[in-house]
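*Asks:* I am attaching a structure below and will ask some questions about it afterwards.
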Amino acid sequence: MNDEKFFEEMEARVPHGKVRTRFAPSPTGYMHIGNLRTALYTYLIAKKDDGTFIFRLEDTDKKREVEGAEQVIYNTLKECGLNHDEGPDIGGPVGPYVQSERRELYGKYAKMLVERGHAYYCFCDKHEDEADDTEVSAAEKFVKIADPCRLLDPAEAKRRAEAGEPYVIRQKVPETGTTTFHDISYGEITVPNDSLDDQVLLKRDGLPTYNFANVVDDHLMGITHVVRGSEYLASSPKYNLLYEGFGWDIPEYVHCSPVMRDAQHKMSKRHGDPSYEDLRNEGFLTEAILNYVALLGWSPRGEIAEQEFFTLDELKKAFDISGISKSPAIFDIEKLKYFNAAYIREMTPEEFLKVAEPYIRKAVKKESISPAKIAPLLQQRCEMLSDIPEKLDFFDELPEYDIEFYTNKKSKTNAEVSLDMLNKALPRLEALESWDEESIKSCLTGLAEELGCKNAMVMWPVRIAAAGKLVTPGGVVEICDILGREESIRRIKKGIEKLENA
Ligand code: GLU
């Protein structure tokens, strides 16, 4: 097929009419919070208008690829429910959706741009480094006017390229004038063309740079809104010149401000800031992460301006581009904990048990102790699932504890009172016919009533003896019930012994 026909066919495939957005990660690392937020906004912009959300893998920078990164990205999107309508794994009308599988196409389009006078072959080897996507600051190294290849006769350059001389293809940015582009959050930005470099579009190995591939693919995939990190803002005038060079419509740009660790620093994996996966492993719930991330740089307006809690479905309706902020957002783990605790509280007891059980089992290995009995003690008091194990560290083994624990002002107990209470409670508990919360409770409150003292004076010493801790999830009744008769009695006897020997 000749190239003319090829271009015609490609053009005929471009969908029109509906909103189409794409999430276009490079498999070069883990899914950091900024990435997740970009994916979420990209998804929401499409879904809000019943549009199409596309996944495109940008894998043209083989040197930076990280093994396993692609899978992490897929898993994250899946877990978050950001399901794509077209993508490498499910196909679609404008595939392939993996850039390395589109290799030939970029070559054809780069040459088309040369023909149209907006790009040129460059044979100098001194600039090869710059062809690397990582070299964003290539502009400084390259002096447009002085480059001999820019001035080469196009027919001569084509002949040399066809004869097999290695080359890169560079964009031919006008030497004078200005370029203006529009971003939905940042507004209109105009830059002088002499501040823009003749960036490499096609590398010597025939693969495109990100700077070229994003334009070709966004056009051929019919993308209406390009949503990405603000690090691409500075390059957008060059992208506009490319669209114009091809005679293509320019999409809407939505550049998202960075997510920061503090006022000065962007979040970064290298500095130990958590990725989505890290947060999950630390015990945050996907729903809470997603809710919090949605609000990192977007605020609801109008009637819902005060609303803080949004499910993904609610976000689909509520989200609107005009609420996206251009000021950097600071990631606040405390705020995320607040969301997490709220989501935990909202779960049904069954749902909570399901997510909490693995964490309960990290601390409580005894088969005889049922996580189903422990989970209800935790649900209302737990900010993060990872807080759970340390709260339960007394169930399997009674910890060594300080005799001072028996002294408590509010319960009016000290070592002496406690010893007395334990001695009185022990035979009654031993005599219980059935061991359940109700009988344990009426046994202990019955004792307090008989003695004419407050319940706390009985409950405090028994809880210290049973748990060996000042703070426990649940009270003495629940704890003794969960421990079972034998273990509770054993621990109370141990308490008596400890107090007698003190
Ligand atoms: N592959 C680019 C990145 O991961 C995507 C930028 C874009 O969305 O255009 O940063």
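Numbering starts fresh at 1 for the residues of each chain in the structure tokens, the chains themselves are lettered A, B, ... in the order given, and ligands are numbered from 1 as they appear.
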Residues within 6 Å of ligand 1 should be enumerated using only C-alpha atoms and all ligand atoms and returned as a ChimeraX atom specification.
*Replies:* /A:23-26,58,214,228
*Asks:* Among the residues of segment 314-478 of chain A, find those DSSP assigns to helix (DSSP H, G or I) from the backbone and print them as a PyMOL selection string.
*Replies:* chain A and resi 314-318+321-323+333-346+349-363+371-381+385-391+403-406+415-430+437-451+455-467+476-478
*Asks:* Please identify all polymer residues within 8 Å of Val477 of chain A, counting only C-alpha atoms, omitting same-chain residues fewer than 2 positions from it, and present them as number ranges by chain.
*Replies:* A: 437, 440-441, 474-475, 479-481
*Asks:* With segment 158-175 of chain A as the partner and 8 Å as the cut-off, tabulate the residues of segment 220-292 of chain A that qualify, each row holding the nearest pair of atoms and their distance in Å to one decimal, using only C-alpha atoms, sorted by chain and rising number, as CSV.
*Replies:*
```
residue,atom,partner,partner_atom,distance
A:Lys238,CA,A:Val173,CA,7.6
A:Leu241,CA,A:Val173,CA,7.5
A:Leu242,CA,A:Gln171,CA,7.8
```
*Asks:* Write the residues of the selection above to a file with N, CA and C atoms, as a PDB file, in the first residue's frame.
*Replies:*
```pdb
ATOM      1  N   LYS A 238       5.233  23.292  21.122  1.00  0.00           N
ATOM      2  CA  LYS A 238       5.825  22.493  20.038  1.00  0.00           C
ATOM      3  C   LYS A 238       4.820  21.465  19.518  1.00  0.00           C
ATOM      4  N   LEU A 241       2.575  23.199  17.171  1.00  0.00           N
ATOM      5  CA  LEU A 241       3.195  23.406  15.856  1.00  0.00           C
ATOM      6  C   LEU A 241       3.159  22.110  15.041  1.00  0.00           C
ATOM      7  N   LEU A 242       3.272  20.989  15.724  1.00  0.00           N
ATOM      8  CA  LEU A 242       3.189  19.707  15.002  1.00  0.00           C
ATOM      9  C   LEU A 242       1.780  19.483  14.461  1.00  0.00           C
TER      10      LEU A 242
END
```
*Asks:* Any idea what's packed within 8 Å of Asn193 of chain A, counting only C-alpha atoms, ignoring anything in its chain fewer than 2 positions away? Could you give it as an NGL selection string?
*Replies:* :A and (173-179 or 191 or 195-196)
*Asks:* Restricting it to all heavy atoms, dump the selection as an mmCIF file, in the first residue's frame.
*Replies:*
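Saved result, part_39.cif, follows:
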```cif
data_model
loop_
_atom_site.group_PDB
_atom_site.id
_atom_site.type_symbol
_atom_site.label_atom_id
_atom_site.label_comp_id
_atom_site.auth_asym_id
_atom_site.auth_seq_id
_atom_site.Cartn_x
_atom_site.Cartn_y
_atom_site.Cartn_z
ATOM 1 N N VAL A 173 11.093 24.184 13.822
ATOM 2 C CA VAL A 173 10.308 25.220 14.506
ATOM 3 C C VAL A 173 10.606 26.567 13.830
ATOM 4 O O VAL A 173 11.776 26.857 13.565
ATOM 5 C CB VAL A 173 10.693 25.270 16.003
ATOM 6 C CG1 VAL A 173 10.013 26.432 16.702
ATOM 7 C CG2 VAL A 173 10.332 23.956 16.701
ATOM 8 N N PRO A 174 9.589 27.369 13.539
ATOM 9 C CA PRO A 174 9.867 28.668 12.912
ATOM 10 C C PRO A 174 10.868 29.477 13.742
ATOM 11 O O PRO A 174 10.857 29.410 14.969
ATOM 12 C CB PRO A 174 8.499 29.366 12.904
ATOM 13 C CG PRO A 174 7.500 28.289 13.097
ATOM 14 C CD PRO A 174 8.172 27.167 13.819
ATOM 15 N N GLU A 175 11.704 30.228 13.048
ATOM 16 C CA GLU A 175 12.737 30.984 13.778
ATOM 17 C C GLU A 175 12.163 32.214 14.456
ATOM 18 O O GLU A 175 12.708 32.712 15.431
ATOM 19 C CB GLU A 175 13.827 31.422 12.803
ATOM 20 C CG GLU A 175 14.711 30.275 12.393
ATOM 21 C CD GLU A 175 15.348 30.504 11.038
ATOM 22 O OE1 GLU A 175 15.689 31.648 10.710
ATOM 23 O OE2 GLU A 175 15.476 29.498 10.313
ATOM 24 N N THR A 176 11.109 32.742 13.878
ATOM 25 C CA THR A 176 10.547 33.989 14.425
ATOM 26 C C THR A 176 9.078 33.773 14.808
ATOM 27 O O THR A 176 8.531 32.701 14.587
ATOM 28 C CB THR A 176 10.616 35.108 13.372
ATOM 29 O OG1 THR A 176 9.927 34.619 12.220
ATOM 30 C CG2 THR A 176 12.038 35.480 13.041
ATOM 31 N N GLY A 177 8.490 34.801 15.349
ATOM 32 C CA GLY A 177 7.061 34.740 15.695
ATOM 33 C C GLY A 177 6.827 34.082 17.046
ATOM 34 O O GLY A 177 7.768 33.822 17.809
ATOM 35 N N THR A 178 5.562 33.824 17.343
ATOM 36 C CA THR A 178 5.208 33.237 18.640
ATOM 37 C C THR A 178 4.239 32.079 18.412
ATOM 38 O O THR A 178 3.634 31.981 17.347
ATOM 39 C CB THR A 178 4.497 34.260 19.553
ATOM 40 O OG1 THR A 178 3.332 34.718 18.874
ATOM 41 C CG2 THR A 178 5.388 35.424 19.922
ATOM 42 N N THR A 179 4.108 31.261 19.392
ATOM 43 C CA THR A 179 3.100 30.189 19.339
ATOM 44 C C THR A 179 2.238 30.282 20.600
ATOM 45 O O THR A 179 2.762 30.460 21.702
ATOM 46 C CB THR A 179 3.770 28.804 19.244
ATOM 47 O OG1 THR A 179 4.534 28.774 18.046
ATOM 48 C CG2 THR A 179 2.743 27.690 19.216
ATOM 49 N N VAL A 191 4.380 31.743 23.695
ATOM 50 C CA VAL A 191 5.847 31.727 23.845
ATOM 51 C C VAL A 191 6.491 32.155 22.523
ATOM 52 O O VAL A 191 5.946 31.894 21.446
ATOM 53 C CB VAL A 191 6.370 30.318 24.234
ATOM 54 C CG1 VAL A 191 5.809 29.864 25.571
ATOM 55 C CG2 VAL A 191 6.057 29.294 23.167
ATOM 56 N N SER A 195 12.419 30.449 21.456
ATOM 57 C CA SER A 195 12.733 29.764 22.722
ATOM 58 C C SER A 195 12.485 28.249 22.586
ATOM 59 O O SER A 195 12.708 27.492 23.519
ATOM 60 C CB SER A 195 11.859 30.318 23.851
ATOM 61 O OG SER A 195 10.507 29.946 23.647
ATOM 62 N N LEU A 196 11.988 27.824 21.434
ATOM 63 C CA LEU A 196 11.658 26.400 21.267
ATOM 64 C C LEU A 196 12.736 25.701 20.429
ATOM 65 O O LEU A 196 13.171 26.243 19.412
ATOM 66 C CB LEU A 196 10.300 26.260 20.556
ATOM 67 C CG LEU A 196 9.115 26.991 21.203
ATOM 68 C CD1 LEU A 196 7.890 26.907 20.292
ATOM 69 C CD2 LEU A 196 8.808 26.390 22.568
#
```
